[in-house]
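For reference, the structure is listed below as structure tokens.
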Amino acid sequence: MGRDPINLHRALAHAPALLAPVLDLIHALRFDAAVSRSLRELMICRIGQLEGSEYELAHHLPMAKESGLDAEQVASIAEWQQAGCFSEPQRAVLGYAEHLGAGAERDDEALDKCFGPVEQTELTVTGATYIALARMLRALDVRIDEPLLG
């Protein structure tokens, strides 16, 4: 990807047969999904918050900004239910993140209104993948990459 490996990749490289498939999934979610990048980043950031994954947040909050979320939205992700800065599809994504990451009831009406089966599947795989990554990061005690600490 034109950069040195990040600490997550270094940690997973101890099991090289698993690294490539994990990276393939992450890259497919990032580059081949129908759901907009900003909605995927919103999902990932909320999952990162729910999982207490400072590593994911250090990487994905900047990506959320780069993908088009404004400063108010990024600052309001944790309090999204009270915030008035999110669109209907963004609220559906955040609600679905709460379902996947915290066991909140799934709002099928909101999901169906905003997303078709392809998009709902992509959101499901995105959320579930980043829940798994957060847990791998925690279990392997992966530290936030130096450039992101400053």
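Every chain in the structure tokens has a letter given in the order shown (A, B, ...), and although residue numbers restart at 1 in each chain, ligands are simply numbered from 1 in the order shown.
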Step one, run DSSP on the backbone; step two, keep only residues of chain A assigned to helix (DSSP H, G or I); then write them as a PyMOL selection string.
-> chain A and resi 7-12+16-31+37-51+54-66+71-75+88-102+108-114+117-139+146-149
What lies within 12 Å of Leu23 in chain A using only C-alpha atoms, ignoring chain neighbours under 2 positions off, as a list of chain:residue names?
->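 Once the adjacent positions are removed, what remains is A:Met1, A:Pro5, A:Ile6, A:Leu8, A:His9, A:Arg10, A:Leu12, A:Ala13, A:Pro16, A:Ala17, A:Leu18, A:Leu19, A:Ala20, A:Pro21, A:Leu25, A:Ile26, A:His27, A:Ala28, A:Leu29, A:Arg30, A:Phe31, A:Thr129, A:Leu133.
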Write out as a list in words which residues come within 12 Å of Gly103 in chain A when counting only C-alpha atoms, dropping same-chain ones fewer than 6 positions away.
-> Ile47, Leu50, Gly95, Tyr96 and Ala97 of chain A
So that I have them on file, write out the residues from the current selection with all heavy atoms, as a compact mmCIF listing (two decimals), in the first residue's frame.
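To be explicit, this is the file written out as selection.txt:
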# COMPACT_ATOMS: atom_id res chain seq x y z
N ILE A 47 -17.76 1.08 16.25
CA ILE A 47 -17.33 -0.23 16.75
C ILE A 47 -16.07 -0.06 17.60
O ILE A 47 -15.95 -0.64 18.68
CB ILE A 47 -17.09 -1.22 15.59
CG1 ILE A 47 -18.41 -1.60 14.90
CG2 ILE A 47 -16.31 -2.45 16.05
CD1 ILE A 47 -19.39 -2.40 15.73
N LEU A 50 -17.14 1.20 20.94
CA LEU A 50 -17.83 0.17 21.72
C LEU A 50 -16.86 -0.89 22.24
O LEU A 50 -17.04 -1.42 23.34
CB LEU A 50 -18.92 -0.49 20.87
CG LEU A 50 -20.10 0.42 20.51
CD1 LEU A 50 -20.97 -0.23 19.45
CD2 LEU A 50 -20.92 0.77 21.75
N GLY A 95 -26.87 3.02 14.42
CA GLY A 95 -27.76 2.11 15.12
C GLY A 95 -27.39 0.65 14.88
O GLY A 95 -27.43 -0.18 15.80
N TYR A 96 -27.00 0.35 13.65
CA TYR A 96 -26.58 -1.02 13.34
C TYR A 96 -25.27 -1.36 14.03
O TYR A 96 -25.08 -2.49 14.50
CB TYR A 96 -26.49 -1.20 11.83
CG TYR A 96 -26.47 -2.66 11.42
CD1 TYR A 96 -27.30 -3.60 12.02
CD2 TYR A 96 -25.61 -3.10 10.43
CE1 TYR A 96 -27.27 -4.94 11.65
CE2 TYR A 96 -25.58 -4.44 10.05
CZ TYR A 96 -26.41 -5.34 10.67
OH TYR A 96 -26.39 -6.67 10.30
N ALA A 97 -24.37 -0.40 14.14
CA ALA A 97 -23.13 -0.62 14.89
C ALA A 97 -23.45 -0.96 16.34
O ALA A 97 -22.83 -1.85 16.94
CB ALA A 97 -22.22 0.60 14.81
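Every protein or nucleic acid residue with an atom no more than 12 Å from Pro117 in chain A, counting only C-alpha atoms and leaving out same-chain residues fewer than 5 positions away, appears here: A:Ala34, A:Val35, A:Asp108, A:Leu111, A:Asp112, A:Glu122, A:Leu123, A:Thr124.
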Could those selected residues go to a file with N, CA and C atoms, as a CSV table (one decimal), in the first residue's frame?
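Saved to again.csv:
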chain,number,residue,atom,x,y,z
A,34,ALA,N,-19.7,-1.3,-2.0
A,34,ALA,CA,-20.7,-0.4,-2.5
A,34,ALA,C,-21.1,0.7,-1.5
A,35,VAL,N,-21.0,0.4,-0.3
A,35,VAL,CA,-21.4,1.4,0.8
A,35,VAL,C,-20.3,2.5,0.8
A,108,ASP,N,-34.7,-2.9,11.7
A,108,ASP,CA,-34.8,-3.4,10.3
A,108,ASP,C,-35.4,-2.3,9.4
A,111,LEU,N,-32.7,0.2,8.4
A,111,LEU,CA,-31.8,-0.4,7.5
A,111,LEU,C,-32.4,-0.6,6.1
A,112,ASP,N,-33.6,-1.1,6.1
A,112,ASP,CA,-34.3,-1.4,4.8
A,112,ASP,C,-34.6,-0.1,4.1
A,122,GLU,N,-22.6,-5.7,3.4
A,122,GLU,CA,-21.3,-5.1,3.6
A,122,GLU,C,-21.1,-4.4,4.9
A,123,LEU,N,-22.2,-3.8,5.4
A,123,LEU,CA,-22.1,-3.2,6.7
A,123,LEU,C,-22.0,-4.2,7.8
A,124,THR,N,-22.6,-5.4,7.6
A,124,THR,CA,-22.5,-6.5,8.6
A,124,THR,C,-21.1,-7.0,8.6
To one decimal in Å, tell me the separation between CA of Arg37 in chain A and CA of Ser67 in chain A.
-> 5.9 Å
Nearest to Ser87 in chain A: which of A:Ala110, A:Ala128, A:Leu137, A:Ile44 is it, counting only C-alpha atoms?
->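 Ranked by minimum distance to Ser87 in chain A, first place goes to A:Ala110.
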